[in-house]
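For reference, upload12.cif (mmCIF, C-alpha atoms):
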```cif
data_work
loop_
_atom_site.label_atom_id
_atom_site.label_comp_id
_atom_site.auth_asym_id
_atom_site.auth_seq_id
_atom_site.Cartn_x
_atom_site.Cartn_y
_atom_site.Cartn_z
CA MET A 19 -13.34 36.66 13.09
CA THR A 20 -15.84 35.18 15.57
CA LYS A 21 -16.14 31.42 15.41
CA VAL A 22 -19.57 30.15 14.37
CA THR A 23 -21.01 27.76 16.95
CA ARG A 24 -23.68 25.09 16.89
CA ASP A 25 -25.93 27.44 18.89
CA ASP A 26 -25.59 30.07 16.15
CA VAL A 27 -26.76 27.53 13.59
CA ALA A 28 -29.67 26.52 15.82
CA ARG A 29 -30.84 30.13 16.18
CA ARG A 30 -30.64 30.73 12.43
CA ALA A 31 -32.52 27.48 11.67
CA GLY A 32 -35.11 28.06 14.41
CA THR A 33 -34.39 24.76 16.13
CA SER A 34 -32.38 23.34 19.02
CA SER A 35 -28.64 22.76 19.10
CA ALA A 36 -29.36 19.07 19.65
CA VAL A 37 -31.16 18.91 16.31
CA VAL A 38 -28.18 20.60 14.66
CA SER A 39 -25.96 17.90 16.15
CA TYR A 40 -28.22 15.14 14.82
CA VAL A 41 -28.09 16.62 11.32
CA VAL A 42 -24.33 17.24 11.28
CA ASN A 43 -23.53 13.79 12.68
CA ASN A 44 -26.28 11.85 10.87
CA GLY A 45 -27.80 10.71 14.15
CA PRO A 46 -28.26 9.22 16.58
CA ARG A 47 -31.88 10.47 16.32
CA PRO A 48 -33.89 11.05 13.13
CA VAL A 49 -34.69 14.59 11.95
CA SER A 50 -37.57 15.61 9.71
CA ALA A 51 -36.81 16.61 6.15
CA GLU A 52 -37.92 20.22 6.79
CA LYS A 53 -35.74 20.68 9.87
CA ARG A 54 -32.79 19.05 8.10
CA ARG A 55 -33.21 21.46 5.19
CA ARG A 56 -33.27 24.49 7.51
CA VAL A 57 -30.20 23.30 9.43
CA LEU A 58 -28.19 22.61 6.26
CA GLU A 59 -29.10 26.03 4.86
CA ALA A 60 -27.99 27.68 8.12
CA VAL A 61 -24.74 25.68 8.09
CA SER A 62 -24.04 26.87 4.54
CA GLU A 63 -24.99 30.52 5.19
CA LEU A 64 -22.96 30.81 8.38
CA GLY A 65 -20.00 28.70 7.23
CA TYR A 66 -20.25 26.44 10.25
CA ARG A 67 -17.55 23.79 10.66
CA PRO A 68 -18.01 21.08 13.32
CA ASP A 69 -15.26 20.79 15.92
CA ARG A 70 -13.95 17.31 15.16
CA VAL A 71 -11.53 17.37 18.08
CA ALA A 72 -14.37 18.09 20.47
CA GLN A 73 -16.36 15.27 18.92
CA ALA A 74 -13.49 12.89 19.49
CA MET A 75 -13.09 13.99 23.10
CA ALA A 76 -16.80 13.33 23.56
CA GLY A 77 -16.18 9.72 22.62
CA ARG A 78 -17.22 9.73 18.97
CA ARG A 79 -15.08 8.54 16.10
CA THR A 80 -13.90 11.27 13.75
CA ASP A 81 -14.14 11.30 9.98
CA LEU A 82 -10.41 10.54 9.85
CA LEU A 83 -8.54 7.42 8.79
CA GLY A 84 -5.02 6.85 10.07
CA LEU A 85 -2.53 5.56 7.49
CA ILE A 86 1.00 4.43 8.36
CA VAL A 87 3.42 3.70 5.50
CA PRO A 88 7.16 2.93 5.51
CA ASP A 89 8.22 5.84 3.27
CA ALA A 90 5.83 7.88 1.11
CA ARG A 91 8.80 9.20 -0.88
CA GLN A 92 9.09 5.82 -2.56
CA PRO A 93 6.80 5.66 -5.61
CA PHE A 94 5.04 2.43 -4.63
CA PHE A 95 4.00 3.73 -1.21
CA GLY A 96 3.25 7.19 -2.61
CA GLU A 97 0.87 5.67 -5.17
CA ILE A 98 -0.83 3.55 -2.50
CA THR A 99 -1.26 6.63 -0.31
CA HIS A 100 -2.76 8.65 -3.17
CA ALA A 101 -5.17 5.85 -4.09
CA LEU A 102 -6.29 5.47 -0.46
CA GLU A 103 -6.85 9.23 -0.14
CA ARG A 104 -9.09 9.23 -3.21
CA ALA A 105 -11.04 6.20 -1.99
CA ALA A 106 -11.47 7.78 1.46
CA ALA A 107 -12.61 11.10 -0.04
CA ASP A 108 -15.30 9.24 -1.96
CA ARG A 109 -16.58 8.04 1.43
CA GLY A 110 -16.41 11.52 2.99
CA LYS A 111 -13.28 10.74 5.00
CA MET A 112 -9.85 12.29 5.28
CA VAL A 113 -6.53 10.47 5.71
CA LEU A 114 -3.79 11.26 8.22
CA VAL A 115 -0.44 9.91 7.00
CA GLY A 116 2.55 8.89 9.10
CA ASN A 117 5.88 7.63 7.72
CA SER A 118 7.48 4.92 9.83
CA ASP A 119 10.85 4.92 8.01
CA TYR A 120 10.79 1.13 8.46
CA GLN A 121 11.15 1.59 12.23
CA GLU A 122 8.84 -0.14 14.68
CA GLU A 123 9.22 2.69 17.21
CA ARG A 124 7.84 5.18 14.69
CA GLU A 125 4.99 2.84 13.75
CA ILE A 126 4.03 2.67 17.43
CA HIS A 127 4.37 6.46 17.75
CA TYR A 128 1.90 7.07 14.92
CA LEU A 129 -0.37 4.30 16.14
CA HIS A 130 -0.70 5.99 19.55
CA ALA A 131 -1.09 9.44 17.95
CA PHE A 132 -3.85 8.35 15.58
CA LEU A 133 -5.72 6.41 18.24
CA GLY A 134 -5.56 9.52 20.43
CA MET A 135 -7.25 11.44 17.62
CA ARG A 136 -10.11 8.90 17.59
CA VAL A 137 -9.63 7.90 13.96
CA SER A 138 -12.42 5.81 12.48
CA ALA A 139 -9.95 3.08 11.51
CA LEU A 140 -6.27 2.38 10.91
CA ILE A 141 -4.70 1.26 7.64
CA LEU A 142 -1.19 -0.05 8.11
CA VAL A 143 1.29 -0.65 5.28
CA SER A 144 4.07 -2.50 7.07
CA LEU A 145 6.99 -4.65 5.98
CA GLY A 146 6.74 -7.04 8.89
CA LEU A 147 4.69 -6.69 12.08
CA GLY A 148 6.97 -6.99 15.08
CA ASP A 149 5.71 -8.46 18.35
CA ARG A 150 5.27 -5.05 20.00
CA ILE A 151 3.11 -3.40 17.38
CA ALA A 152 1.16 -6.63 16.85
CA ALA A 153 0.32 -6.59 20.56
CA GLU A 154 -0.65 -2.90 20.36
CA LEU A 155 -2.99 -3.58 17.44
CA ASP A 156 -4.55 -6.55 19.18
CA ALA A 157 -5.27 -4.39 22.23
CA THR A 158 -7.21 -1.66 20.39
CA ASP A 159 -10.91 -1.80 19.55
CA THR A 160 -10.29 0.40 16.49
CA ARG A 161 -10.67 -1.50 13.22
CA VAL A 162 -7.33 -2.29 11.56
CA VAL A 163 -6.68 -3.07 7.90
CA LEU A 164 -3.27 -4.35 6.83
CA MET A 165 -2.06 -3.71 3.31
CA HIS A 166 1.03 -5.28 1.80
CA GLU A 167 1.10 -8.01 4.47
CA ARG A 168 -0.92 -11.00 5.59
CA SER A 169 -1.94 -11.48 9.21
CA ALA A 170 -2.80 -14.53 11.23
CA SER A 171 -4.87 -12.44 13.64
CA PRO A 172 -8.64 -13.01 13.36
CA ARG A 173 -9.21 -9.41 14.51
CA LYS A 174 -7.47 -7.69 11.61
CA PHE A 175 -8.44 -7.32 7.97
CA ALA A 176 -5.87 -7.56 5.17
CA VAL A 177 -5.78 -6.47 1.52
CA VAL A 178 -2.85 -8.01 -0.32
CA THR A 179 -1.44 -8.87 -3.74
CA ASP A 180 -0.67 -12.44 -4.74
CA ASP A 181 3.04 -11.77 -4.31
CA ILE A 182 4.25 -15.35 -4.72
CA GLU A 183 2.36 -15.84 -7.97
CA GLY A 184 3.55 -12.49 -9.33
CA ALA A 185 7.22 -13.25 -8.64
CA TRP A 186 6.77 -16.72 -10.15
CA LEU A 187 5.33 -15.17 -13.34
CA ALA A 188 8.21 -12.70 -13.71
CA THR A 189 10.91 -15.31 -13.06
CA ARG A 190 9.33 -17.86 -15.39
CA HIS A 191 9.15 -15.23 -18.13
CA LEU A 192 12.87 -14.49 -17.82
CA LEU A 193 13.64 -18.22 -17.97
CA GLN A 194 11.50 -18.51 -21.10
CA HIS A 195 13.92 -16.12 -22.79
CA GLY A 196 16.47 -18.96 -22.61
CA HIS A 197 18.46 -17.87 -19.57
CA THR A 198 19.91 -20.79 -17.67
CA ALA A 199 19.63 -18.95 -14.38
CA VAL A 200 17.83 -15.91 -12.99
CA ALA A 201 19.27 -13.98 -10.04
CA CYS A 202 17.00 -12.32 -7.48
CA VAL A 203 17.45 -9.00 -5.69
CA GLY A 204 15.59 -9.35 -2.40
CA GLY A 205 15.33 -6.94 0.49
CA PRO A 206 17.83 -6.42 3.30
CA GLU A 207 18.68 -9.81 4.80
CA SER A 208 17.34 -8.82 8.23
CA ALA A 209 13.97 -7.78 6.76
CA LEU A 210 12.92 -11.01 5.05
CA LEU A 211 10.31 -12.07 7.60
CA ALA A 212 7.48 -14.53 7.12
CA GLY A 213 4.44 -12.70 5.76
CA ASP A 214 6.56 -9.85 4.42
CA PRO A 215 5.71 -9.29 0.74
CA VAL A 216 9.34 -9.15 -0.36
CA ALA A 217 9.93 -12.49 1.37
CA ASP A 218 7.02 -13.77 -0.73
CA HIS A 219 8.68 -12.36 -3.86
CA VAL A 220 11.80 -14.33 -3.01
CA GLU A 221 9.67 -17.43 -2.39
CA GLY A 222 7.97 -17.00 -5.78
CA TRP A 223 11.38 -16.69 -7.45
CA ARG A 224 12.59 -19.85 -5.73
CA LYS A 225 9.44 -21.71 -6.79
CA ALA A 226 9.83 -20.73 -10.45
CA MET A 227 13.47 -21.77 -10.43
CA ALA A 228 12.62 -25.09 -8.77
CA ASP A 229 9.79 -25.73 -11.26
CA ALA A 230 12.34 -25.25 -14.06
CA GLY A 231 14.84 -27.57 -12.37
CA ARG A 232 17.29 -24.70 -11.72
CA SER A 233 19.40 -24.09 -8.63
CA THR A 234 19.20 -20.80 -6.72
CA GLU A 235 22.56 -21.30 -5.00
CA GLY A 236 24.51 -18.03 -4.95
CA LEU A 237 21.84 -16.17 -6.93
CA LEU A 238 20.07 -14.27 -4.12
CA PHE A 239 21.37 -10.75 -3.54
CA HIS A 240 20.26 -8.49 -0.70
CA ALA A 241 19.67 -4.77 -1.19
CA PRO A 242 17.66 -1.95 0.40
CA TYR A 243 14.25 -1.27 -1.13
CA ASN A 244 15.03 2.22 -2.46
CA ARG A 245 16.66 2.88 -5.82
CA TYR A 246 19.59 4.89 -4.47
CA ASP A 247 21.05 2.23 -2.18
CA SER A 248 20.05 -0.50 -4.65
CA TYR A 249 22.10 1.31 -7.29
CA GLU A 250 25.18 0.98 -5.07
CA ALA A 251 24.49 -2.72 -4.49
CA ALA A 252 23.90 -3.25 -8.22
CA LEU A 253 27.26 -1.66 -9.09
CA ARG A 254 28.99 -4.32 -6.98
CA MET A 255 26.87 -7.15 -8.37
CA LEU A 256 27.32 -6.17 -12.02
CA ALA A 257 31.05 -5.48 -11.66
CA ALA A 258 31.68 -9.04 -10.47
CA PRO A 259 33.22 -11.47 -13.01
CA ASP A 260 30.27 -13.86 -12.63
CA ARG A 261 27.51 -11.29 -13.02
CA PRO A 262 24.10 -12.75 -13.85
CA ALA A 263 22.53 -12.48 -17.30
CA ALA A 264 18.99 -12.12 -15.93
CA VAL A 265 17.73 -10.51 -12.71
CA PHE A 266 14.34 -10.41 -11.03
CA CYS A 267 14.12 -7.45 -8.60
CA SER A 268 11.64 -7.61 -5.72
CA THR A 269 10.65 -3.97 -6.21
CA ASP A 270 10.60 -1.60 -9.16
CA ASP A 271 12.71 0.89 -7.21
CA GLN A 272 15.44 -1.74 -6.94
CA ALA A 273 15.13 -2.44 -10.66
CA ILE A 274 15.42 1.28 -11.47
CA GLY A 275 18.63 1.46 -9.42
CA LEU A 276 19.90 -1.65 -11.24
CA LEU A 277 19.17 -0.12 -14.66
CA ARG A 278 21.12 2.99 -13.72
CA ALA A 279 24.09 0.91 -12.55
CA ALA A 280 24.01 -1.14 -15.75
CA ARG A 281 24.06 1.98 -17.89
CA GLU A 282 26.97 3.41 -15.89
CA LEU A 283 28.99 0.19 -16.30
CA GLY A 284 28.17 -0.12 -20.00
CA VAL A 285 26.10 -3.28 -19.56
CA ASP A 286 23.49 -3.45 -22.31
CA VAL A 287 19.90 -4.06 -21.18
CA PRO A 288 18.41 -6.33 -22.41
CA GLY A 289 21.23 -7.52 -24.71
CA GLU A 290 23.59 -8.51 -21.90
CA LEU A 291 21.25 -8.29 -18.94
CA ALA A 292 17.52 -9.02 -18.78
CA VAL A 293 15.65 -7.28 -15.95
CA ALA A 294 12.18 -7.57 -14.40
CA GLY A 295 10.72 -5.80 -11.38
CA PHE A 296 7.64 -5.88 -9.17
CA ASP A 297 4.98 -3.20 -8.43
CA ASP A 298 4.42 -1.47 -11.80
CA VAL A 299 4.96 2.04 -10.45
CA LYS A 300 4.26 4.71 -13.05
CA GLU A 301 7.97 5.31 -13.64
CA ALA A 302 8.43 1.69 -14.75
CA ALA A 303 7.02 2.58 -18.17
CA MET A 304 9.42 5.54 -18.45
CA THR A 305 12.76 3.82 -17.79
CA ASP A 306 15.24 3.13 -20.59
CA PRO A 307 14.42 0.48 -21.62
CA PRO A 308 10.88 0.32 -20.22
CA LEU A 309 10.70 -2.10 -17.32
CA THR A 310 8.94 -5.46 -17.41
CA THR A 311 7.21 -5.80 -14.07
CA VAL A 312 4.35 -7.26 -12.04
CA ALA A 313 1.17 -5.26 -11.50
CA SER A 314 -1.98 -5.42 -9.41
CA ASP A 315 -5.07 -3.22 -9.28
CA ARG A 316 -3.99 -0.65 -6.65
CA GLU A 317 -7.11 1.48 -7.11
CA ALA A 318 -9.40 -1.48 -6.42
CA MET A 319 -7.20 -2.53 -3.50
CA ALA A 320 -7.49 0.96 -2.01
CA ARG A 321 -11.28 0.98 -2.36
CA THR A 322 -11.48 -2.45 -0.75
CA ALA A 323 -9.19 -1.37 2.13
CA VAL A 324 -11.31 1.73 2.82
CA ASP A 325 -14.54 -0.28 2.66
CA LEU A 326 -13.12 -2.82 5.11
CA ALA A 327 -11.87 -0.04 7.37
CA LEU A 328 -15.24 1.70 7.52
CA ASP A 329 -17.72 -1.14 7.11
CA GLY A 330 -15.92 -4.33 8.01
CA GLN A 331 -16.67 -5.67 4.54
CA PRO A 332 -15.71 -4.71 0.96
CA GLY A 333 -18.10 -3.04 -1.45
CA GLY A 334 -19.38 -4.70 -4.60
CA ALA A 335 -16.77 -7.00 -6.12
CA ALA A 336 -15.84 -6.46 -9.75
CA PRO A 337 -15.04 -9.33 -12.14
CA GLY A 338 -11.40 -10.36 -11.68
CA GLY A 339 -11.40 -8.70 -8.27
CA PRO A 340 -10.12 -9.98 -4.96
CA ALA A 341 -10.57 -13.52 -3.77
CA PRO A 342 -11.30 -14.17 -0.08
CA ASP A 343 -8.26 -15.78 1.56
CA GLY A 344 -9.72 -16.68 4.92
CA ASN A 345 -12.57 -14.68 6.43
CA ARG A 346 -10.74 -11.37 6.72
CA THR A 347 -8.22 -11.27 3.86
CA ARG A 348 -8.79 -10.09 0.30
CA ARG A 349 -6.07 -11.23 -2.10
CA PHE A 350 -5.81 -9.50 -5.49
CA PRO A 351 -4.32 -11.32 -8.50
CA SER A 352 -0.97 -10.32 -9.98
CA ARG A 353 -0.37 -9.90 -13.70
CA LEU A 354 2.79 -9.61 -15.75
CA VAL A 355 3.32 -6.36 -17.65
CA ILE A 356 5.75 -7.09 -20.49
CA ARG A 357 7.98 -4.28 -21.72
CA ALA A 358 11.47 -4.20 -23.27
CA SER A 359 13.83 -4.72 -20.31
CA CYS A 360 13.34 -8.50 -20.40
CA GLY A 361 14.22 -8.79 -24.10
CA CYS A 362 10.71 -8.65 -25.54
CA PRO A 363 9.89 -6.09 -28.25
CA THR A 364 8.57 -2.85 -26.80
CA ARG A 365 4.76 -2.87 -26.57
CA MET A 366 2.91 0.37 -27.17
#
```
In structure tokens, write the structure found in this file.
Amino acid sequence: MTKVTRDDVARRAGTSSAVVSYVVNNGPRPVSAEKRRRVLEAVSELGYRPDRVAQAMAGRRTDLLGLIVPDARQPFFGEITHALERAAADRGKMVLVGNSDYQEEREIHYLHAFLGMRVSALILVSLGLGDRIAAELDATDTRVVLMHERSASPRKFAVVTDDIEGAWLATRHLLQHGHTAVACVGGPESALLAGDPVADHVEGWRKAMADAGRSTEGLLFHAPYNRYDSYEAALRMLAAPDRPAAVFCSTDDQAIGLLRAARELGVDVPGELAVAGFDDVKEAAMTDPPLTTVASDREAMARTAVDLALDGQPGGAAPGGPAPDGNRTRRFPSRLVIRASCGCPTRM
């Protein structure tokens, strides 16, 4: 099948190929309503599709957004990706997704690949910006929006959850059930970097314990972020003679792995072990018992990230929406979602 060109559209519309370009690209020059109508009718009749690669090579930005996440197989990152794709589609954009597998080399690989494709902007969900990728991001003139992490750079935007407050809420709630101590499952020890959200979860846990006059000595356990490896770590933790009676997990995936380990070892949740997580992935409501966790408005965060990526500013703010945290950061509030795993009656 012969490919339809811009010249074909121009002949059908009775105008120049330059006018076709102005209509398809919304500029840079204005086009009369009549000519625009004829061009759009010709585009529809002929099935013309602009060559986005050629546009990029000509120096224009494409209608693509580059998104780099640690692992889209994990529910939290999968839900973020889906929300960002919907928000981008509402703005007429498409999203290219790269999985870094928590490796800086792969983040840099996708960064170079997406910049080579002339994406309109980059959205990066990272668990700690290393020096190399931070330098790469500082060197590009493409707009960058960080999600899941704060940044000290004045050139980057950030859309984040109030991680410290959320962890504080979950830990305080477990203490209010009468537990004398609450353990914390953090991330891998090597990954707890300043600005990393899981490091903030640990900080929020420490703050809640300190506010209650409780020690955290010996109560921080390190585990990978995914449920499978966290399950193995939880088996060791729960099999120990001094196992905790209450645990705050820095991610819901870790909490799901912990619940599975508890069931396997015959540890009753919440009778013998109270559990809370963080993220409120959809599966959290389906665990047995349903998981108490910390939530934020991911849909609103996605819309804000896309608006920042495309416009350099968020769209209209809704009541209870993000608060500016510096000129380029939007911080969304956390809220506690109470279910049965903490010891509260199940809420329908």
Residues in the PyMOL selection byres ((chain A and resi 289) around 12), expressed as a list in words: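 On the file shown, the PyMOL selection byres ((chain A and resi 289) around 12) covers His195, His197, Ala263, Ala264, Ala280, Gly284, Val285, Asp286, Val287, Pro288, Glu290, Leu291, Ala292, Val293, Pro307, Ala358, Ser359, Cys360, Gly361, Cys362 and Pro363 of chain A.
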Starting from the shown file, work through the PyMOL selection byres ((chain A and resi 158) around 12) and note down what comes out as a ChimeraX atom specification. /A:129-130,132-134,136-137,139-140,151-157,159-162,173-174
For A:Trp186, which residue out of A:Ile356, A:Ala258, A:Val87, A:Val312 is the nearest one, using all atoms listed in the file? A:Val312
Expressed in Å to a single decimal, how great is the separation between atom CA of A:Gly96 and atom CA of A:Pro242?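 Value for the atom CA of A:Gly96-atom CA of A:Pro242 distance: 17.3 Å.
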Report the distance between atom CA of A:Thr189 and atom CA of A:Gly205 in Å, rounded to one decimal place.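 Atom CA of A:Gly205 lies 16.5 Å from atom CA of A:Thr189.
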Compile the contact shell of A:Pro215 as number ranges by chain: residues with an atom at most 10 Å away, counting all atoms listed in the file, same-chain residues fewer than 6 positions apart removed. A: 144-146, 165-168, 178-182, 205, 221, 268
In Å, with one decimal, what is the gap from atom CA of A:Val355 to atom CA of A:Thr99?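 Computed distance, atom CA of A:Val355 to atom CA of A:Thr99, equals 22.1 Å.
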What do you get, as an MDAnalysis selection string, if you spell out every residue that the PyMOL selection byres ((chain A and resi 121) around 12) selects here? chainID A and resid 86:89 116:120 122:128 144:148 150:151 209
For A:Arg346, the nearest of the candidates A:Ala131, A:Leu326, A:Leu102, A:Met304, counting only C-alpha atoms: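 Counting only C-alpha atoms, the residue closest to A:Arg346 is A:Leu326.
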Using only C-alpha atoms, which protein or nucleic acid residues come within 8 Å of A:Leu283? Drop anything in the same chain fewer than 2 positions from it, and give the result as a VMD selection string. chain A and resid 253 256 to 257 279 to 281 285
Can you write out the residues you just picked, keeping C-alpha atoms, as a PDB file, keeping the file's coordinate frame?
```
ATOM      1  CA  LEU A 253      27.260  -1.660  -9.090  1.00  0.00           C
ATOM      2  CA  LEU A 256      27.320  -6.170 -12.020  1.00  0.00           C
ATOM      3  CA  ALA A 257      31.050  -5.480 -11.660  1.00  0.00           C
ATOM      4  CA  ALA A 279      24.090   0.910 -12.550  1.00  0.00           C
ATOM      5  CA  ALA A 280      24.010  -1.140 -15.750  1.00  0.00           C
ATOM      6  CA  ARG A 281      24.060   1.980 -17.890  1.00  0.00           C
ATOM      7  CA  VAL A 285      26.100  -3.280 -19.560  1.00  0.00           C
TER       8      VAL A 285
END
```
Mind giving me the axis-aligned box for stretch 21-28 of chain A with 5 Å on every side, centre plus edges in Å to one decimal, as lines of an AutoDock Vina configuration file?
```
center_x = -22.9
center_y = 28.3
center_z = 16.2
size_x = 23.5
size_y = 16.3
size_z = 15.3
```
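The closest residue to A:Leu192, picked from A:Ser62, A:Gln92, A:Thr234, A:Thr310 and counting all atoms listed in the file, is A:Thr310.
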Using all atoms listed in the file, find the one residue out of A:Asp298, A:Val57, A:Ala230, A:Asp329 that sits nearest to A:Arg30. A:Val57
Contact residues around A:Lys225 with all atoms listed in the file at 12 Å, ignoring same-chain residues under 6 positions, as a list in words: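 The contact residues come out as Ile182, Glu183, Gly184, Ala185, Trp186, Leu187, Ala188, Thr189, Arg190, Val200, Asp218, His219, Gly231, Arg232, Ser233 and Thr234 of chain A.
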Which residue is closest to A:Ala106? Choose from A:Met135, A:Ala176, A:Ile141, A:Val41 and count only C-alpha atoms. A:Ile141
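The shell of residues at most 12 Å from A:Ser39, with all atoms listed in the file counted and near chain neighbours (fewer than 4 positions) removed, consists of Thr23, Arg24, Asp25, Val27, Ala28, Thr33, Ser34, Ser35, Asn43, Asn44, Gly45, Pro46, Arg47, Pro48, Val49, Lys53, Arg54, Val57, Leu58, Val61, Tyr66, Arg67, Pro68, Asp69 and Gln73 of chain A.
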Excluding same-chain residues fewer than 4 positions from A:Tyr243, what lies within 8 Å of it counting only C-alpha atoms, as a ChimeraX atom specification? /A:205-206,247-248,269,271-272
